[in-house]
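Student: Have a peek at coords-v4.cif (mmCIF, C-alpha atoms).
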```cif
data_input
#
loop_
_atom_site.group_PDB
_atom_site.id
_atom_site.type_symbol
_atom_site.label_atom_id
_atom_site.label_comp_id
_atom_site.auth_asym_id
_atom_site.auth_seq_id
_atom_site.Cartn_x
_atom_site.Cartn_y
_atom_site.Cartn_z
ATOM 1 C CA MET H 73 -1.047 -8.756 -1.220
ATOM 2 C CA GLY H 74 -3.492 -11.551 -1.927
ATOM 3 C CA ARG H 75 -2.393 -15.182 -1.724
ATOM 4 C CA ASP H 76 -3.886 -18.507 -2.696
ATOM 5 C CA ARG H 77 -2.284 -21.512 -0.965
ATOM 6 C CA ARG H 78 -2.303 -23.612 -4.121
ATOM 7 C CA ARG H 79 -1.482 -20.929 -6.672
ATOM 8 C CA GLY H 80 0.765 -18.490 -4.804
ATOM 9 C CA ARG H 81 0.322 -14.739 -5.158
ATOM 10 C CA THR H 82 -3.046 -13.732 -6.624
ATOM 11 C CA GLY H 83 -2.713 -9.958 -6.675
ATOM 12 C CA ARG H 84 -1.299 -6.890 -5.032
ATOM 13 C CA VAL H 85 -2.105 -3.278 -4.403
ATOM 14 C CA LEU H 86 0.375 -0.473 -3.837
ATOM 15 C CA ARG H 87 -0.890 2.332 -1.663
ATOM 16 C CA ARG H 88 0.388 5.368 0.154
ATOM 17 C CA ARG H 89 -1.048 8.365 1.846
ATOM 18 C CA ALA H 90 -1.860 10.878 -0.892
ATOM 19 C CA ASP H 91 -2.513 13.869 1.296
ATOM 20 C CA ARG H 92 -4.066 14.667 4.664
ATOM 21 C CA ALA H 93 -7.456 13.280 3.623
ATOM 22 C CA ASN H 94 -6.881 10.351 1.254
ATOM 23 C CA ALA H 95 -4.966 7.143 0.694
ATOM 24 C CA HIS H 96 -3.693 6.914 -2.880
ATOM 25 C CA ILE H 97 -3.819 3.634 -4.786
ATOM 26 C CA ALA H 98 -0.754 3.621 -7.014
ATOM 27 C CA GLN H 99 -1.360 0.205 -8.580
ATOM 28 C CA VAL H 100 -3.712 -2.760 -8.459
ATOM 29 C CA SER H 101 -2.543 -5.994 -10.093
ATOM 30 C CA VAL H 102 -4.276 -9.366 -10.276
ATOM 31 C CA HIS H 103 -2.824 -12.414 -11.970
ATOM 32 C CA PRO H 104 -4.555 -12.693 -15.382
ATOM 33 C CA ARG H 105 -5.687 -16.276 -14.825
ATOM 34 C CA LEU H 106 -7.610 -15.088 -11.765
ATOM 35 C CA ALA H 107 -9.392 -12.150 -13.413
ATOM 36 C CA GLY H 108 -13.106 -11.823 -12.809
ATOM 37 C CA ARG H 109 -13.051 -13.175 -9.256
ATOM 38 C CA ARG H 110 -13.298 -9.763 -7.550
ATOM 39 C CA ILE H 111 -9.751 -10.052 -6.184
ATOM 40 C CA GLY H 112 -8.944 -6.490 -7.268
ATOM 41 C CA ALA H 113 -12.120 -5.227 -5.598
ATOM 42 C CA ALA H 114 -11.183 -7.093 -2.403
ATOM 43 C CA LEU H 115 -7.696 -5.556 -2.434
ATOM 44 C CA ILE H 116 -9.208 -2.082 -2.847
ATOM 45 C CA ASP H 117 -11.648 -2.799 -0.008
ATOM 46 C CA THR H 118 -8.675 -3.751 2.168
ATOM 47 C CA VAL H 119 -7.010 -0.407 1.420
ATOM 48 C CA GLY H 120 -10.301 1.313 2.249
ATOM 49 C CA ASP H 121 -10.448 -0.506 5.590
ATOM 50 C CA TRP H 122 -6.865 0.561 6.335
ATOM 51 C CA ALA H 123 -7.617 4.170 5.334
ATOM 52 C CA GLU H 124 -10.584 4.280 7.692
ATOM 53 C CA THR H 125 -8.379 3.117 10.594
ATOM 54 C CA GLN H 126 -6.056 6.025 9.733
ATOM 55 C CA GLY H 127 -8.935 8.507 9.911
ATOM 56 C CA LEU H 128 -8.797 9.253 6.178
ATOM 57 C CA ASP H 129 -11.813 10.391 4.171
ATOM 58 C CA GLY H 130 -11.300 8.536 0.923
ATOM 59 C CA LEU H 131 -9.224 6.720 -1.674
ATOM 60 C CA SER H 132 -7.694 8.353 -4.733
ATOM 61 C CA LEU H 133 -6.115 6.950 -7.873
ATOM 62 C CA THR H 134 -5.127 7.913 -11.386
ATOM 63 C CA THR H 135 -5.921 5.692 -14.333
ATOM 64 C CA PHE H 136 -6.650 5.587 -18.039
ATOM 65 C CA ARG H 137 -9.919 7.303 -18.861
ATOM 66 C CA ASP H 138 -11.149 5.103 -21.713
ATOM 67 C CA VAL H 139 -9.742 1.645 -21.024
ATOM 68 C CA PRO H 140 -12.760 -0.532 -20.014
ATOM 69 C CA TRP H 141 -10.935 -2.306 -17.192
ATOM 70 C CA ASN H 142 -9.650 0.992 -15.776
ATOM 71 C CA ALA H 143 -11.824 4.094 -15.168
ATOM 72 C CA PRO H 144 -15.171 2.375 -15.905
ATOM 73 C CA TYR H 145 -14.199 -0.476 -13.578
ATOM 74 C CA TYR H 146 -13.286 1.904 -10.762
ATOM 75 C CA ALA H 147 -16.533 3.819 -11.295
ATOM 76 C CA ARG H 148 -18.427 0.555 -10.715
ATOM 77 C CA LEU H 149 -16.540 0.257 -7.410
ATOM 78 C CA GLY H 150 -17.735 3.701 -6.276
ATOM 79 C CA PHE H 151 -14.964 5.987 -7.539
ATOM 80 C CA ARG H 152 -15.851 9.212 -9.319
ATOM 81 C CA GLU H 153 -13.830 11.603 -11.443
ATOM 82 C CA LEU H 154 -12.263 14.380 -9.389
ATOM 83 C CA PRO H 155 -12.259 17.685 -11.316
ATOM 84 C CA GLU H 156 -8.840 19.295 -11.652
ATOM 85 C CA GLY H 157 -9.926 22.243 -9.518
ATOM 86 C CA GLU H 158 -10.361 19.858 -6.575
ATOM 87 C CA TRP H 159 -6.945 18.169 -6.791
ATOM 88 C CA SER H 160 -4.717 18.518 -3.762
ATOM 89 C CA PRO H 161 -1.115 19.609 -4.354
ATOM 90 C CA GLU H 162 -0.108 15.981 -3.765
ATOM 91 C CA LEU H 163 -2.484 14.683 -6.457
ATOM 92 C CA ARG H 164 -1.211 17.392 -8.814
ATOM 93 C CA ALA H 165 2.312 16.090 -8.156
ATOM 94 C CA VAL H 166 1.193 12.527 -9.027
ATOM 95 C CA VAL H 167 -0.220 13.734 -12.371
ATOM 96 C CA ASP H 168 2.917 15.800 -13.042
ATOM 97 C CA ARG H 169 5.139 12.738 -12.376
ATOM 98 C CA GLU H 170 3.041 10.597 -14.704
ATOM 99 C CA THR H 171 3.257 13.262 -17.414
ATOM 100 C CA ALA H 172 7.038 13.470 -16.991
ATOM 101 C CA GLN H 173 7.153 9.673 -17.442
ATOM 102 C CA GLY H 174 5.402 10.024 -20.796
ATOM 103 C CA LEU H 175 1.755 9.412 -19.927
ATOM 104 C CA ASP H 176 -0.648 11.718 -21.780
ATOM 105 C CA PRO H 177 -2.623 13.662 -19.160
ATOM 106 C CA ALA H 178 -5.569 13.918 -21.573
ATOM 107 C CA ALA H 179 -5.854 10.108 -21.502
ATOM 108 C CA ARG H 180 -5.724 9.971 -17.694
ATOM 109 C CA VAL H 181 -8.286 10.667 -15.004
ATOM 110 C CA VAL H 182 -7.985 11.355 -11.280
ATOM 111 C CA MET H 183 -10.641 9.490 -9.326
ATOM 112 C CA ILE H 184 -11.743 9.490 -5.708
ATOM 113 C CA LYS H 185 -13.921 7.259 -3.563
ATOM 114 C CA PRO H 186 -15.316 8.661 -0.339
ATOM 115 C CA LEU H 187 -15.221 6.316 2.647
#
```
Could you express the structure from this file as structure tokens?
Tutor:
Amino acid sequence: MGRDRRRGRTGRVLRRRADRANAHIAQVSVHPRLAGRRIGAALIDTVGDWAETQGLDGLSLTTFRDVPWNAPYYARLGFRELPEGEWSPELRAVVDRETAQGLDPAARVVMIKPL
């Protein structure tokens, strides 16, 4: 979680181990008034640093394919689309849970960033 002494919480990232090789970013949130200050990128970098200390190979996430501040943003940070044939069983389970919660899998993308 990011904090600013004067403004309180600036952002947060929820992560967990996705599988044997990757940490999975479940959510990145930055307070709207602080957008554009690279706080989200810094939070993701922090998860990457943690993942490296755990001996993991990369970061994974799922997001909306065509929303400009989602998949295109993550691509600028070094993530790439992971083809379905390369999904681990754990990533498949993430997509299945999202689908069961009503998210259209055609509008979603699984992305990975090697460390």
Student: Nearest residue to Val119 in chain H out of H:Lys185, H:Pro140, H:Ala179, H:Pro104, using all atoms listed in the file?
Tutor: H:Lys185
Student: Please report the interatomic distance between CA of Leu128 in chain H and CA of Ala107 in chain H in Å with one decimal.
Tutor: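 Atom-to-atom, CA of Leu128 in chain H to CA of Ala107 in chain H, that is 29.0 Å.
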Student: I need the residue set behind the PyMOL selection byres ((chain H and resi 155-167) around 8) for this file; please write it as a PyMOL selection string.
Tutor: chain H and resi 90-91+134+153-154+168-171+177+182
Student: Between H:Asn142, H:Ser132, H:Arg180, H:Phe151, which one has atoms that come closest to Ser101 in chain H, using all atoms listed in the file?
Tutor: H:Asn142
Student: Which value, in Å to one decimal, gives the distance between CA of Asn94 in chain H and CA of Ala123 in chain H?
Tutor: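 Rounded to one decimal, the two atoms are 7.4 Å apart.
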